[in-house]
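Content type compact mmCIF, C-alpha atoms, from the file target-v5.txt:
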# COMPACT_ATOMS: atom_id res chain seq x y z
CA MET A 1 -0.34 -16.23 -28.79
CA VAL A 2 1.29 -12.92 -29.72
CA GLU A 3 0.61 -11.69 -33.24
CA VAL A 4 4.03 -11.33 -34.86
CA GLU A 5 4.47 -9.08 -37.88
CA ILE A 6 6.85 -10.43 -40.52
CA PRO A 7 8.48 -8.13 -43.11
CA THR A 8 7.25 -8.42 -46.68
CA VAL A 9 9.76 -10.28 -48.85
CA ALA A 10 10.37 -10.02 -52.59
CA LEU A 11 11.80 -13.15 -54.23
CA ALA A 12 14.15 -12.91 -57.17
CA LEU A 13 12.30 -15.77 -58.85
CA GLU A 14 9.15 -13.64 -58.96
CA HIS A 15 10.78 -10.39 -60.10
CA ASN A 16 13.22 -9.10 -62.67
CA ARG A 17 16.62 -10.16 -61.32
CA ASN A 18 18.50 -7.32 -62.96
CA LYS A 19 16.14 -4.71 -61.52
CA LEU A 20 16.39 -6.26 -58.05
CA ALA A 21 20.18 -6.30 -58.26
CA ALA A 22 20.23 -2.65 -59.32
CA ALA A 23 17.84 -1.73 -56.51
CA ALA A 24 20.09 -3.52 -54.02
CA ARG A 25 23.15 -1.61 -55.25
CA ALA A 26 21.22 1.64 -54.88
CA GLY A 27 20.17 0.75 -51.33
CA GLU A 28 16.50 0.62 -52.30
CA VAL A 29 16.19 -2.99 -51.13
CA LEU A 30 18.13 -5.13 -48.67
CA ARG A 31 19.15 -8.73 -49.31
CA VAL A 32 18.02 -10.92 -46.40
CA ARG A 33 19.12 -14.23 -47.89
CA ARG A 34 19.95 -15.62 -51.30
CA GLY A 35 17.21 -14.63 -53.72
CA ALA A 36 15.17 -12.67 -51.15
CA TYR A 37 14.93 -8.94 -50.54
CA CYS A 38 13.08 -6.43 -48.32
CA THR A 39 12.72 -2.68 -48.45
CA PRO A 40 14.83 -0.88 -45.82
CA ASP A 41 11.69 0.36 -44.06
CA GLU A 42 10.69 -3.26 -43.39
CA ILE A 43 13.98 -4.01 -41.62
CA ARG A 44 15.61 -0.90 -40.22
CA VAL A 45 14.70 0.49 -36.80
CA ASP A 46 15.92 3.77 -35.36
CA GLY A 47 16.74 4.28 -31.71
CA PRO A 48 18.98 2.77 -29.03
CA SER A 49 17.55 -0.73 -29.38
CA GLY A 50 17.48 -0.54 -33.17
CA ALA A 51 20.25 -3.07 -33.84
CA ALA A 52 18.54 -5.84 -31.87
CA ARG A 53 15.16 -5.13 -33.44
CA GLU A 54 16.70 -5.05 -36.92
CA ALA A 55 18.31 -8.45 -36.30
CA ARG A 56 14.90 -9.77 -35.24
CA ASN A 57 13.24 -8.35 -38.38
CA LYS A 58 15.90 -9.96 -40.58
CA ALA A 59 15.44 -13.34 -38.87
CA LEU A 60 11.68 -13.17 -39.42
CA ALA A 61 12.17 -12.10 -43.03
CA ARG A 62 14.54 -15.01 -43.64
CA ALA A 63 11.91 -17.41 -42.31
CA ARG A 64 9.28 -16.00 -44.64
CA ALA A 65 11.68 -16.16 -47.58
CA LEU A 66 12.70 -19.74 -46.85
CA HIS A 67 9.06 -20.79 -46.52
CA SER A 68 8.42 -19.47 -50.04
CA GLN A 69 11.58 -21.03 -51.45
CA LEU A 70 11.32 -24.54 -49.98
CA ARG A 71 9.34 -27.06 -51.95
CA ALA A 72 9.42 -29.97 -49.49
CA LYS A 73 7.21 -30.02 -46.40
CA HIS A 74 8.83 -28.23 -43.48
CA VAL A 75 8.12 -26.79 -40.03
CA PHE A 76 10.07 -23.95 -38.43
CA SER A 77 11.57 -24.89 -35.08
CA HIS A 78 13.81 -24.01 -32.15
CA LYS A 79 14.75 -20.30 -31.90
CA THR A 80 13.09 -19.46 -35.23
CA ALA A 81 9.81 -20.92 -33.97
CA ALA A 82 10.26 -19.06 -30.68
CA LEU A 83 10.50 -15.76 -32.56
CA LEU A 84 7.49 -16.57 -34.73
CA LEU A 85 5.44 -17.53 -31.67
CA GLY A 86 6.23 -14.21 -29.98
CA CYS A 87 8.71 -15.43 -27.36
CA PHE A 88 11.61 -13.34 -26.13
CA VAL A 89 15.05 -14.59 -27.17
CA TRP A 90 18.38 -13.71 -25.62
CA THR A 91 20.25 -13.63 -28.94
CA THR A 92 18.63 -13.53 -32.36
CA PRO A 93 19.45 -16.61 -34.48
CA ARG A 94 21.65 -16.04 -37.52
CA GLU A 95 20.40 -19.32 -38.98
CA THR A 96 16.82 -20.30 -39.73
CA HIS A 97 15.88 -23.47 -37.84
CA VAL A 98 13.58 -25.90 -39.59
CA TYR A 99 12.41 -29.52 -39.46
CA GLN A 100 12.10 -31.15 -42.87
CA TYR A 101 11.39 -34.58 -44.25
CA TYR A 102 14.39 -35.01 -46.52
CA ARG A 103 18.12 -34.90 -45.88
CA ALA A 104 19.67 -31.72 -47.29
CA SER A 105 22.21 -32.01 -50.08
CA GLY A 106 25.83 -30.98 -49.75
CA HIS A 107 24.94 -27.77 -51.58
CA ALA A 108 22.29 -26.72 -49.06
CA ALA A 109 22.28 -23.10 -47.91
CA GLY A 110 24.56 -22.33 -44.99
CA ASP A 111 22.08 -19.99 -43.30
CA VAL A 112 19.64 -22.83 -42.53
CA ARG A 113 19.88 -25.29 -39.62
CA ARG A 114 17.98 -28.42 -40.56
CA TYR A 115 16.66 -31.16 -38.28
CA SER A 116 15.30 -34.58 -39.20
CA TRP A 117 11.55 -34.99 -39.00
CA THR A 118 10.50 -36.26 -35.56
CA LEU A 119 7.20 -34.43 -35.02
CA ALA A 120 3.81 -35.71 -33.96
CA PRO A 121 0.68 -33.92 -35.24
CA ASP A 122 0.24 -32.15 -31.89
CA ASP A 123 3.78 -30.80 -32.21
CA VAL A 124 2.85 -28.63 -35.20
CA ASP A 125 1.10 -25.28 -35.14
CA GLU A 126 0.90 -22.11 -37.23
CA ALA A 127 2.18 -18.63 -36.45
CA ALA A 128 2.06 -15.57 -38.69
CA GLY A 129 0.91 -17.85 -41.50
CA LEU A 130 3.96 -20.11 -41.27
CA PRO A 131 4.18 -23.73 -40.01
CA VAL A 132 5.95 -23.87 -36.64
CA THR A 133 6.49 -26.31 -33.85
CA SER A 134 3.95 -25.84 -31.08
CA LEU A 135 4.81 -23.58 -28.17
CA VAL A 136 5.35 -26.61 -25.94
CA ARG A 137 7.52 -28.49 -28.44
CA THR A 138 9.51 -25.31 -29.15
CA VAL A 139 10.32 -24.82 -25.46
CA VAL A 140 11.35 -28.46 -25.04
CA ASP A 141 13.57 -28.42 -28.15
CA CYS A 142 15.24 -25.20 -27.05
CA ALA A 143 15.64 -26.38 -23.45
CA ARG A 144 17.46 -29.50 -24.64
CA THR A 145 19.79 -27.86 -27.13
CA LEU A 146 20.52 -24.23 -26.18
CA HIS A 147 22.66 -22.63 -23.48
CA PRO A 148 20.52 -22.65 -20.30
CA LEU A 149 20.19 -18.86 -20.29
CA GLU A 150 18.97 -18.82 -23.91
CA ALA A 151 16.53 -21.61 -23.10
CA LEU A 152 15.32 -19.99 -19.89
CA VAL A 153 14.51 -16.70 -21.66
CA ILE A 154 12.31 -18.64 -24.10
CA ALA A 155 10.76 -20.82 -21.38
CA ASP A 156 9.93 -17.81 -19.19
CA SER A 157 8.16 -15.99 -22.02
CA ALA A 158 6.39 -19.19 -23.12
CA LEU A 159 4.86 -19.58 -19.65
CA ALA A 160 3.71 -15.95 -19.89
CA LEU A 161 2.11 -16.82 -23.24
CA GLY A 162 0.16 -19.68 -21.68
CA ALA A 163 2.40 -22.75 -21.85
CA ASP A 164 1.71 -25.24 -19.08
CA ARG A 165 4.67 -26.51 -17.04
CA ALA A 166 3.11 -29.96 -16.55
CA GLU A 167 2.63 -30.31 -20.31
CA LEU A 168 6.21 -29.21 -20.92
CA LEU A 169 7.50 -31.87 -18.54
CA ALA A 170 5.23 -34.53 -20.06
CA THR A 171 6.51 -33.70 -23.54
CA LEU A 172 10.07 -33.88 -22.25
CA ASP A 173 9.39 -37.27 -20.64
CA ALA A 174 8.33 -38.56 -24.05
CA GLN A 175 11.84 -37.76 -25.33
CA THR A 176 13.67 -39.88 -22.75
CA GLY A 177 16.97 -41.10 -24.15
CA ARG A 178 17.72 -38.01 -26.20
CA ARG A 179 20.50 -35.57 -25.41
CA GLY A 180 19.95 -32.67 -23.05
CA ILE A 181 17.08 -34.15 -21.03
CA GLN A 182 18.53 -33.26 -17.63
CA GLN A 183 19.32 -29.70 -18.67
CA ALA A 184 15.86 -29.31 -20.18
CA ARG A 185 14.20 -30.52 -16.99
CA LEU A 186 16.19 -27.98 -14.97
CA VAL A 187 15.26 -25.14 -17.34
CA ILE A 188 11.57 -26.03 -17.24
CA GLU A 189 11.58 -26.31 -13.46
CA LEU A 190 13.29 -22.92 -13.13
CA ALA A 191 11.02 -21.22 -15.67
CA ASP A 192 8.80 -18.39 -14.42
CA GLY A 193 6.21 -16.46 -16.42
CA GLY A 194 6.86 -13.21 -14.54
CA PRO A 195 9.80 -11.60 -16.38
CA GLN A 196 8.67 -8.96 -18.85
CA SER A 197 11.90 -8.84 -20.84
CA ALA A 198 14.84 -11.06 -21.68
CA TRP A 199 17.01 -8.86 -19.46
CA GLU A 200 14.84 -9.58 -16.42
CA THR A 201 15.39 -13.28 -17.04
CA TRP A 202 19.12 -12.58 -17.33
CA VAL A 203 19.16 -10.98 -13.87
CA ARG A 204 17.20 -13.89 -12.42
CA TYR A 205 19.59 -16.37 -14.08
CA GLN A 206 22.57 -14.70 -12.41
CA LEU A 207 20.89 -14.91 -9.00
CA LEU A 208 20.04 -18.58 -9.49
CA ARG A 209 23.51 -19.38 -10.79
CA ALA A 210 25.00 -17.75 -7.67
CA GLY A 211 23.04 -20.21 -5.55
CA LEU A 212 20.68 -17.61 -4.10
CA PRO A 213 17.01 -18.40 -3.36
CA ARG A 214 14.60 -17.98 -6.23
CA PRO A 215 13.46 -14.38 -6.38
CA THR A 216 9.81 -13.43 -6.73
CA THR A 217 8.99 -12.00 -10.14
CA GLN A 218 6.71 -8.96 -10.26
CA MET A 219 6.98 -8.70 -6.47
CA PRO A 220 3.94 -6.81 -5.11
CA VAL A 221 4.55 -3.79 -2.88
CA GLN A 222 1.60 -2.02 -1.26
CA THR A 223 2.45 1.68 -0.89
CA ASP A 224 0.69 4.89 0.11
CA ALA A 225 0.41 5.63 -3.61
CA GLY A 226 -1.12 2.30 -4.53
CA LEU A 227 0.02 -1.22 -5.39
CA PHE A 228 3.25 -1.45 -7.38
CA HIS A 229 5.38 -4.37 -8.55
CA THR A 230 9.14 -4.61 -8.75
CA ASP A 231 10.66 -6.66 -11.57
CA LEU A 232 12.20 -9.08 -9.08
CA GLY A 233 12.56 -9.20 -5.34
CA TYR A 234 12.83 -11.02 -2.06
CA GLU A 235 9.80 -10.28 0.07
CA GLN A 236 11.36 -11.90 3.14
CA TRP A 237 14.12 -9.27 3.10
CA ALA A 238 12.05 -6.35 1.77
CA LEU A 239 14.36 -6.15 -1.25
CA GLY A 240 13.20 -5.13 -4.71
CA ILE A 241 15.30 -5.42 -7.89
CA GLU A 242 14.52 -3.29 -10.92
CA PHE A 243 16.00 -3.65 -14.39
CA ASP A 244 16.64 -0.17 -15.73
CA GLY A 245 15.91 -0.24 -19.45
CA ARG A 246 17.52 2.95 -20.72
CA VAL A 247 15.31 2.97 -23.81
CA LYS A 248 12.35 4.32 -21.84
CA TYR A 249 14.33 7.44 -20.98
CA ARG A 250 14.87 8.37 -24.65
CA PRO A 251 12.41 10.27 -26.87
CA ASP A 252 10.07 7.85 -28.61
CA GLY A 253 11.97 5.02 -26.90
CA VAL A 254 8.87 3.04 -25.96
CA ARG A 255 6.32 4.28 -28.49
CA PRO A 256 5.85 7.24 -30.86
CA GLY A 257 5.29 10.36 -28.80
CA HIS A 258 6.77 8.77 -25.68
CA ASP A 259 7.98 11.49 -23.28
CA PRO A 260 11.11 10.44 -21.37
CA ALA A 261 10.77 13.30 -18.88
CA GLN A 262 7.31 12.10 -17.84
CA GLU A 263 8.60 8.54 -17.69
CA TYR A 264 11.46 9.60 -15.42
CA LEU A 265 9.14 11.51 -13.07
CA ALA A 266 6.67 8.62 -12.90
CA GLU A 267 9.47 6.13 -12.19
CA LYS A 268 10.92 8.37 -9.49
CA ALA A 269 7.54 8.81 -7.79
CA ARG A 270 6.99 5.05 -7.92
CA ALA A 271 10.46 4.30 -6.50
CA ASP A 272 9.98 6.84 -3.70
CA ALA A 273 6.66 5.24 -2.76
CA VAL A 274 8.21 1.77 -2.72
CA ARG A 275 11.01 2.96 -0.45
CA ARG A 276 8.53 4.67 1.90
CA ALA A 277 6.86 1.26 2.18
CA GLY A 278 10.09 -0.05 3.67
CA VAL A 279 11.40 -1.86 0.59
CA THR A 280 15.01 -1.35 -0.52
CA LEU A 281 15.43 -0.98 -4.29
CA GLU A 282 18.50 -2.07 -6.23
CA ASN A 283 18.66 -1.05 -9.88
CA VAL A 284 20.51 -3.05 -12.49
CA SER A 285 21.07 -2.37 -16.19
CA ALA A 286 22.60 -3.90 -19.30
CA SER A 287 25.96 -2.41 -18.33
CA ASP A 288 26.06 -4.84 -15.38
CA LYS A 289 26.75 -7.62 -17.88
CA GLN A 290 30.33 -6.31 -17.94
CA ASP A 291 30.79 -7.07 -14.22
CA VAL A 292 28.23 -9.56 -12.96
CA GLN A 293 29.98 -10.00 -9.64
CA ALA A 294 29.71 -6.29 -8.85
CA MET A 295 25.97 -6.48 -9.52
CA LEU A 296 25.64 -9.51 -7.26
CA ASP A 297 27.63 -7.76 -4.54
CA ARG A 298 25.18 -4.84 -4.58
CA ILE A 299 22.22 -7.16 -4.29
CA THR A 300 23.65 -9.56 -1.71
CA ALA A 301 24.59 -6.64 0.56
CA HIS A 302 20.91 -6.73 1.58
CA ILE A 303 20.71 -10.50 2.16
CA PRO A 304 21.44 -12.05 5.59
CA PRO A 305 24.98 -13.45 6.01
CA ASP A 306 23.73 -16.89 7.02
CA VAL A 307 21.93 -17.19 3.67
CA LEU A 308 25.03 -16.11 1.77
CA ARG A 309 27.22 -18.63 3.58
CA LYS A 310 25.06 -21.43 2.17
CA ALA A 311 25.11 -20.07 -1.40
CA ARG A 312 27.18 -22.03 -3.91
CA ILE A 313 27.61 -21.55 -7.65
CA ASP A 314 25.22 -23.91 -9.45
CA PRO A 315 27.46 -25.92 -11.84
CA ARG A 316 24.42 -26.74 -13.98
CA LEU A 317 24.12 -23.07 -14.95
CA PRO A 318 27.23 -22.02 -16.87
CA PRO A 319 28.37 -18.39 -17.24
CA SER A 320 26.39 -16.41 -19.78
Is it possible to express this structure as structure tokens?
Amino acid sequence: MVEVEIPTVALALEHNRNKLAAAARAGEVLRVRRGAYCTPDEIRVDGPSGAAREARNKALARARALHSQLRAKHVFSHKTAALLLGCFVWTTPRETHVYQYYRASGHAAGDVRRYSWTLAPDDVDEAAGLPVTSLVRTVVDCARTLHPLEALVIADSALALGADRAELLATLDAQTGRRGIQQARLVIELADGGPQSAWETWVRYQLLRAGLPRPTTQMPVQTDAGLFHTDLGYEQWALGIEFDGRVKYRPDGVRPGHDPAQEYLAEKARADAVRRAGVTLENVSASDKQDVQAMLDRITAHIPPDVLRKARIDPRLPPS
């Protein structure tokens, strides 16, 4: 399990309300939900991926705040549990997802998504000091209820964290009769622990949706400079697919002191070695989300025509 750091939260009930309100007006604290505040340093992130990371920090802070504010027994679930367990998510939840024993009143907070209590003891775990649904139960819940892409991102990262596909399917079988079973089974069967980012899962989702064969994740390529791996690929056609995360080409984009020039040179040397090994490389980036078909056209240009003639859009995988 990945150790997830949650921002420190100050509750209005435990502090002087007037001072907290004044601090919020002065920008010294940020309100993350009703009656809960964090310092800006706990939430804000500089850099090109700052907005997404800030949204994640706020979601984690809201979970911590709600845990302190709720009096009834509860367990965080669905996308909130996925975040707390260290899974990738495609979009950060604006609501906090939680199982609880009692039915919420008509005055319940609008930033909380509540579910009735249907958990067995094995379905409950702990992450970052908070009660959460187990990794397996979280994947199954998300696979039944989320858009398939959202669910696949979580399922892929859960397998990388150690979830067992057979256990996922067994847990799903125990929920026969509930909504979303067929979709969940498809997501679990398509899940792959290889993607190292949500964007890599997104690329794989587009290939699967287009009816293409399943690509190999972390495809090995033996070169004269050593063994390398491409993010995705088709070994049978000597085709590698790399997701180009622009953040690594910015100062401090990966870690403090990160040198983008060195990163660029290392990536270029690696790509040159892969090409010398006879593997074609196609690069994709977040900008390809604006024209998925153009991205697919670049990739399928390297796939035999007889394979493409058999490809059909998978109706079970809707557009993302």
Residue nearest Gln100 (chain A) among A:Trp117, A:Phe88, A:Trp199, A:Tyr205 (counting all atoms listed in the file): A:Trp117
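Note that the spacing between CA of Arg165 (chain A) and CA of Leu119 (chain A) amounts to 19.8 Å.
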Separation of CA of Ile6 (chain A) from CA of Leu60 (chain A), in Å and rounded to one decimal: 5.7 Å
Residues near region 150-159 of chain A, cut-off 10 Å, all atoms listed in the file, skip fewer than 4 positions along chain, as a PyMOL selection string: chain A and resi 1+78-79+82-83+85-92+135-136+138-146+163-165+168+183-184+186-202+204-205+320
Spatial neighbours of region 297-312 of chain A, 10 Å, only C-alpha atoms, chain gap at least 5 places, as a PyMOL selection string: chain A and resi 207-213+233-234+236-241+280-284+292
Which of A:Ala160, A:Val132, A:Ala120, A:Ala21 sits closest to His97 (chain A) [using only C-alpha atoms]: A:Val132
For CA of Arg214 (chain A) and CA of Pro318 (chain A), the interatomic separation in Å (one decimal): 17.0 Å
Would you list the contacts of Leu11 (chain A) as a PDB file with C-alpha atoms, in the coordinates of the input, taking every protein, DNA or RNA residue within 6 Å and counting only C-alpha atoms, but skipping same-chain residues closer than 3 positions in sequence?
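Okay, this is what ended up in result-v3.pdb:
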ATOM      1  CA  GLU A  14       9.150 -13.640 -58.960  1.00  0.00           C
ATOM      2  CA  GLY A  35      17.210 -14.630 -53.720  1.00  0.00           C
ATOM      3  CA  ALA A  36      15.170 -12.670 -51.150  1.00  0.00           C
TER       4      ALA A  36
END
Shell of 8 Å around region 126-128 of chain A, only C-alpha atoms, local chain residues under 5 positions omitted, as a ChimeraX atom specification: /A:3-6,84-85,133-134
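Residue nearest Glu267 (chain A) within the list A:Thr8, A:Gln218, A:Gln293, A:Thr230: A:Thr230 [criterion: smallest interatomic distance, all atoms listed in the file].
If only C-alpha atoms are the atoms counted, then among A:Arg31, A:Arg185, A:Tyr37, A:Arg17 the closest residue to Asp173 (chain A) is A:Arg185.
The smallest atom-to-atom distance between Val124 (chain A) and any of A:Ala12, A:Arg275, A:Arg137, A:Val112, using all atoms listed in the file, is found for A:Arg137.
Checking A:Leu161, A:Glu54, A:Ala277, A:Leu265 one by one against Leu227 (chain A), counting only C-alpha atoms, you find the shortest gap at A:Ala277.
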